[in-house]
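Chemist: Below is the file my_file.txt, which contains compact mmCIF, C-alpha atoms.
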```
# COMPACT_ATOMS: atom_id res chain seq x y z
CA MET M 246 11.79 -49.00 20.01
CA GLU M 247 8.89 -48.24 17.71
CA ARG M 248 9.40 -45.03 15.73
CA GLY M 249 6.93 -45.45 12.87
CA PRO M 250 4.76 -42.56 11.66
CA GLY M 251 1.91 -43.62 13.93
CA SER M 252 3.97 -44.16 17.07
CA PRO M 253 4.23 -41.53 19.82
CA ALA M 254 7.94 -41.08 19.08
CA GLY M 255 7.24 -40.74 15.35
CA GLU M 256 4.50 -38.20 16.01
CA ARG M 257 6.86 -36.15 18.17
CA VAL M 258 9.46 -36.17 15.39
CA GLN M 259 6.88 -35.03 12.83
CA THR M 260 5.63 -32.32 15.18
CA THR M 261 9.18 -31.09 15.73
CA GLN M 262 9.88 -31.07 12.00
CA ARG M 263 6.69 -29.15 11.27
CA GLY M 264 7.59 -26.67 13.98
CA GLN M 265 11.06 -26.18 12.55
CA THR M 266 9.63 -25.74 9.05
CA THR M 267 7.16 -23.18 10.34
CA GLN M 268 9.88 -21.27 12.15
CA ARG M 269 12.07 -21.24 9.04
CA SER M 270 9.14 -20.03 6.94
CA GLN M 271 8.34 -17.31 9.44
CA ALA M 272 11.97 -16.22 9.60
CA LYS M 273 12.18 -16.11 5.81
CA GLU M 274 8.99 -14.05 5.57
CA SER M 275 10.26 -11.73 8.30
CA ARG M 276 13.48 -11.10 6.35
CA ARG M 277 11.47 -10.56 3.17
CA GLN M 278 9.30 -7.96 4.88
CA ALA M 279 12.40 -6.32 6.37
CA LEU M 280 13.85 -6.00 2.88
CA LEU M 281 10.64 -4.43 1.56
CA SER M 282 10.51 -1.99 4.46
CA SER M 283 14.15 -1.05 3.93
CA ALA M 284 13.54 -0.69 0.19
CA ALA M 285 10.66 1.74 0.77
CA THR M 286 12.86 3.95 2.92
CA LEU M 287 15.96 3.80 0.71
CA PHE M 288 14.08 4.26 -2.56
CA ALA M 289 12.13 7.19 -1.08
CA VAL M 290 15.27 8.95 0.17
CA ASN M 291 17.73 8.15 -2.61
CA GLY M 292 15.67 7.03 -5.60
CA PHE M 293 15.56 3.55 -7.11
CA ASN M 294 18.57 4.04 -9.40
CA ARG M 295 20.88 5.14 -6.57
CA VAL M 296 20.18 2.16 -4.33
CA SER M 297 22.18 -1.06 -4.72
CA LEU M 298 21.38 -4.59 -3.60
CA GLU M 299 24.19 -4.20 -1.09
CA ASP M 300 22.45 -1.12 0.31
CA LEU M 301 19.18 -3.05 0.63
CA GLY M 302 20.85 -6.01 2.28
CA ALA M 303 22.78 -3.87 4.73
CA ALA M 304 19.65 -1.95 5.75
CA ALA M 305 17.81 -5.23 6.39
CA GLY M 306 20.73 -6.87 8.17
CA VAL M 307 21.73 -9.34 5.43
CA SER M 308 24.41 -9.45 2.77
CA GLY M 309 23.76 -8.16 -0.74
CA PRO M 310 23.82 -11.65 -2.32
CA ALA M 311 21.37 -12.87 0.34
CA VAL M 312 18.72 -10.62 -1.21
CA TYR M 313 18.57 -13.11 -4.09
CA ARG M 314 17.12 -15.70 -1.70
CA HIS M 315 13.98 -13.60 -1.62
CA PHE M 316 13.91 -11.60 -4.87
CA ALA M 317 15.25 -12.02 -8.40
CA GLY M 318 16.84 -8.59 -8.25
CA LYS M 319 16.36 -4.94 -7.34
CA GLN M 320 13.57 -4.43 -9.86
CA ALA M 321 11.73 -7.41 -8.37
CA VAL M 322 11.99 -5.76 -4.94
CA LEU M 323 10.37 -2.61 -6.33
CA GLY M 324 7.67 -4.68 -7.98
CA ALA M 325 6.88 -6.62 -4.81
CA LEU M 326 6.73 -3.39 -2.82
CA LEU M 327 4.25 -1.58 -5.09
CA LEU M 328 2.21 -4.68 -5.91
CA SER M 329 1.75 -5.62 -2.27
CA VAL M 330 0.70 -2.10 -1.31
CA SER M 331 -1.74 -1.84 -4.24
CA GLN M 332 -3.29 -5.18 -3.30
CA GLU M 333 -3.56 -4.15 0.35
CA LEU M 334 -5.34 -0.95 -0.64
CA LEU M 335 -7.84 -2.80 -2.80
CA ASP M 336 -8.51 -5.54 -0.25
CA GLY M 337 -8.80 -3.05 2.58
CA GLY M 338 -11.11 -0.79 0.60
CA ARG M 339 -13.38 -3.71 -0.21
CA ARG M 340 -13.60 -4.65 3.47
CA VAL M 341 -14.44 -1.07 4.40
CA VAL M 342 -17.31 -0.91 1.90
CA ALA M 343 -18.61 -4.35 2.86
CA ASP M 344 -18.71 -3.41 6.55
CA ALA M 345 -20.34 0.02 6.06
CA GLY M 346 -24.03 0.41 6.75
CA ASP M 347 -24.81 2.91 3.98
CA PRO M 348 -23.09 4.77 1.12
CA ALA M 349 -22.37 7.89 3.17
CA ALA M 350 -20.71 5.82 5.88
CA ALA M 351 -18.83 3.84 3.23
CA LEU M 352 -17.39 7.00 1.70
CA ALA M 353 -16.40 8.47 5.07
CA ARG M 354 -14.69 5.24 6.05
CA LEU M 355 -12.93 4.96 2.69
CA VAL M 356 -11.52 8.43 3.28
CA GLN M 357 -10.41 7.48 6.78
CA PHE M 358 -8.87 4.27 5.46
CA HIS M 359 -6.91 6.05 2.72
CA VAL M 360 -5.75 8.83 5.05
CA ASP M 361 -4.51 6.21 7.48
CA PHE M 362 -2.64 4.50 4.66
CA ALA M 363 -1.06 7.77 3.50
CA LEU M 364 0.04 8.79 6.98
CA SER M 365 1.48 5.33 7.62
CA ASN M 366 3.21 4.91 4.25
CA PRO M 367 4.64 8.25 3.07
CA ASP M 368 7.78 6.54 1.74
CA VAL M 369 5.75 4.16 -0.43
CA ILE M 370 3.81 7.10 -1.88
CA ARG M 371 7.06 8.81 -2.84
CA VAL M 372 8.37 5.64 -4.45
CA GLN M 373 5.14 5.20 -6.41
CA ASP M 374 5.27 8.78 -7.66
CA ARG M 375 8.94 8.78 -8.61
CA ASP M 376 9.89 5.22 -9.54
CA PHE M 377 6.78 3.65 -11.09
CA SER M 378 8.50 3.79 -14.50
CA ASN M 379 11.28 1.56 -13.17
CA LEU M 380 8.88 -1.35 -12.75
CA SER M 381 8.91 -4.13 -15.31
CA ASP M 382 6.19 -3.92 -17.96
CA ASP M 383 4.28 -6.81 -16.38
CA ASP M 384 4.40 -5.26 -12.91
CA GLN M 385 3.35 -1.87 -14.27
CA ALA M 386 0.30 -3.47 -15.90
CA GLU M 387 -0.62 -5.37 -12.73
CA VAL M 388 -0.22 -2.34 -10.47
CA ARG M 389 -2.36 -0.26 -12.83
CA THR M 390 -5.08 -2.93 -12.80
CA LEU M 391 -5.13 -3.08 -9.00
CA GLN M 392 -5.21 0.70 -8.71
CA ARG M 393 -7.91 1.01 -11.37
CA ASN M 394 -10.06 -1.47 -9.44
CA TYR M 395 -9.49 0.57 -6.29
CA VAL M 396 -10.66 3.72 -8.05
CA GLU M 397 -13.76 1.95 -9.35
CA LEU M 398 -14.57 0.88 -5.79
CA TRP M 399 -14.78 4.55 -4.84
CA VAL M 400 -16.72 5.39 -8.00
CA GLU M 401 -19.37 2.79 -7.17
CA VAL M 402 -19.91 4.41 -3.78
CA LEU M 403 -19.95 7.92 -5.25
CA GLN M 404 -22.59 6.89 -7.81
CA THR M 405 -25.06 6.29 -5.02
CA LEU M 406 -24.39 9.75 -3.59
CA HIS M 407 -24.27 11.68 -6.89
CA THR M 408 -27.12 10.07 -8.81
CA GLY M 409 -27.13 10.84 -12.52
CA THR M 410 -23.56 12.15 -12.49
CA ASP M 411 -21.29 11.08 -15.32
CA THR M 412 -18.87 8.31 -14.33
CA ALA M 413 -15.91 10.26 -15.70
CA GLU M 414 -16.67 13.09 -13.27
CA LEU M 415 -16.88 10.65 -10.37
CA ARG M 416 -13.49 9.23 -11.29
CA MET M 417 -12.13 12.76 -11.38
CA ARG M 418 -13.46 13.34 -7.88
CA ALA M 419 -11.81 10.15 -6.64
CA HIS M 420 -8.47 10.99 -8.26
CA ALA M 421 -8.63 14.53 -6.86
CA ALA M 422 -9.19 13.15 -3.38
CA PHE M 423 -6.28 10.74 -3.79
CA GLY M 424 -4.07 13.57 -4.95
CA LEU M 425 -4.96 15.63 -1.90
CA ILE M 426 -4.46 12.77 0.55
CA ASN M 427 -1.35 11.41 -1.14
CA SER M 428 0.31 14.80 -0.87
CA THR M 429 0.93 13.79 2.74
CA PRO M 430 4.70 13.24 2.31
CA HIS M 431 4.91 16.94 1.41
CA SER M 432 1.96 18.51 3.21
CA VAL M 433 2.89 17.22 6.68
CA ARG M 434 6.07 19.28 6.43
CA SER M 435 6.03 23.05 6.61
CA HIS M 436 9.30 24.96 6.31
CA GLY M 437 11.20 21.90 7.46
CA ARG M 438 8.90 21.22 10.41
CA ARG M 439 6.59 18.23 10.56
CA VAL M 440 2.88 18.68 11.20
CA ALA M 441 1.71 16.27 13.91
CA VAL M 442 -0.28 13.32 12.60
CA LYS M 443 -3.07 14.04 15.08
CA SER M 444 -3.46 17.45 13.44
CA ALA M 445 -2.98 16.28 9.85
CA ARG M 446 -5.45 13.40 10.03
CA PRO M 447 -8.73 15.31 10.69
CA LEU M 448 -7.74 18.07 8.29
CA LEU M 449 -7.01 15.64 5.44
CA GLU M 450 -10.19 13.69 6.13
CA SER M 451 -12.44 16.74 6.16
CA MET M 452 -10.86 18.28 3.05
CA ALA M 453 -11.03 15.03 1.06
CA LEU M 454 -14.64 14.36 2.06
CA ALA M 455 -15.64 17.92 1.14
CA ALA M 456 -14.01 17.53 -2.29
CA LEU M 457 -15.86 14.27 -2.89
CA LEU M 458 -19.26 15.63 -1.87
CA VAL M 459 -19.15 19.22 -3.11
CA ALA M 460 -21.75 20.24 -5.67
CA ALA M 461 -20.46 20.36 -9.23
CA THR M 462 -22.23 23.64 -10.05
CA PRO M 463 -20.16 26.61 -8.85
CA GLN M 464 -21.91 28.97 -6.49
CA PRO M 465 -22.54 32.47 -7.90
CA LEU M 466 -20.37 35.25 -6.53
CA SER M 467 -22.16 37.64 -4.21
```
Before anything else, please render the file you have as structure tokens.

Modeler:
Amino acid sequence: MERGPGSPAGERVQTTQRGQTTQRSQAKESRRQALLSSAATLFAVNGFNRVSLEDLGAAAGVSGPAVYRHFAGKQAVLGALLLSVSQELLDGGRRVVADAGDPAAALARLVQFHVDFALSNPDVIRVQDRDFSNLSDDDQAEVRTLQRNYVELWVEVLQTLHTGTDTAELRMRAHAAFGLINSTPHSVRSHGRRVAVKSARPLLESMALAALLVAATPQPLS
């Protein structure tokens, strides 16, 4: 029976092999993402230094040594977590600006985008704040570059709304807005009780937008 590459039987074999390869790749990526998700939670709760590879593996449903199939070690897991999130923020911010009709809409949508990120990723924010110094030097430099580019994306939009304003001031506005929004892991809790996301979202958005647009000159006291 003919089973060459061009035969029907050969084509079925190749199709099956490609399907199996795709399934294996998808399964591997799924486990990798499960490890990153588990790492965000464990690092946020316990801190990077108190989490072992065995802890990560157990949380993701694999053995500790199996983590090495996906990452070189615990520090590499931290690096992948913060690098991927920083890249997602930059890419998402660029899409938001590209799709906006005007600068005012771009700024409002950037605020909405960042608030959505903060409400969806409070653990990652905690890890960034507490464990950034545990990244390798190369990963620290790359994360800083991605985050600096994200800030400059906001600055470019703000320049069109605050004409003639010094760039340093615009960066300060952007960082102040990030600080307000990224306080989400703490601000959504009040005396041990969580504030509902549906209540936190509009409040964070309105406060951040007001901070970005407020006039620099203080109003005189009456």

Chemist: Env of Glu401 (chain M): 12 Å cut, atoms = all atoms listed in the file, seq-sep filter 5 positions within chain, self excluded. Answer as a tab-separated table (two decimals) with C-alpha atoms, in the frame of the given file.

Modeler:
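Contents of the output file selection_25.tsv:
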```
chain	number	residue	atom	x	y	z
M	338	GLY	CA	-11.11	-0.79	0.60
M	339	ARG	CA	-13.38	-3.71	-0.21
M	342	VAL	CA	-17.31	-0.91	1.90
M	348	PRO	CA	-23.09	4.77	1.12
M	349	ALA	CA	-22.37	7.89	3.17
M	351	ALA	CA	-18.83	3.84	3.23
M	352	LEU	CA	-17.39	7.00	1.70
M	355	LEU	CA	-12.93	4.96	2.69
M	394	ASN	CA	-10.06	-1.47	-9.44
M	395	TYR	CA	-9.49	0.57	-6.29
M	396	VAL	CA	-10.66	3.72	-8.05
M	406	LEU	CA	-24.39	9.75	-3.59
M	407	HIS	CA	-24.27	11.68	-6.89
M	408	THR	CA	-27.12	10.07	-8.81
M	410	THR	CA	-23.56	12.15	-12.49
M	411	ASP	CA	-21.29	11.08	-15.32
M	412	THR	CA	-18.87	8.31	-14.33
M	413	ALA	CA	-15.91	10.26	-15.70
M	415	LEU	CA	-16.88	10.65	-10.37
M	416	ARG	CA	-13.49	9.23	-11.29
M	419	ALA	CA	-11.81	10.15	-6.64
```

Chemist: Nearest to Gln332 (chain M) among M:Val400, M:Val296, M:Met452, M:Val388, with distances taken over all atoms listed in the file: which residue is it?

Modeler: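 The shortest atom-to-atom distance to Gln332 (chain M) comes from M:Val388.
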
Chemist: Tell me which of M:Leu327, M:Gln357, M:Ala421, M:Glu299 sits closest to Ala445 (chain M), counting all atoms listed in the file.

Modeler: M:Gln357

Chemist: Which residues are close to Asn294 (chain M), i.e. within 10 Å by all atoms listed in the file, leaving aside same-chain residues fewer than 6 positions away? Reply as a PyMOL selection string.

Modeler: chain M and resi 288+319-320+376+379

Chemist: From the list M:Ala303, M:Leu323, M:Val459, M:Leu454, which residue is nearest Arg354 (chain M) when using all atoms listed in the file?

Modeler: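 Looking at the shortest contact to Arg354 (chain M), the residue is M:Leu454.
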
Chemist: With all atoms listed in the file as the basis for distance, which of M:Gly346, M:Gly409, M:Gly324, M:Pro367 is at the shortest distance from Leu380 (chain M)?

Modeler: M:Gly324

Chemist: Using Å and a single decimal, report how far CA of Arg371 (chain M) sits from CA of Ser444 (chain M).

Modeler: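 Separation of CA of Ser444 (chain M) and CA of Arg371 (chain M): 21.2 Å.
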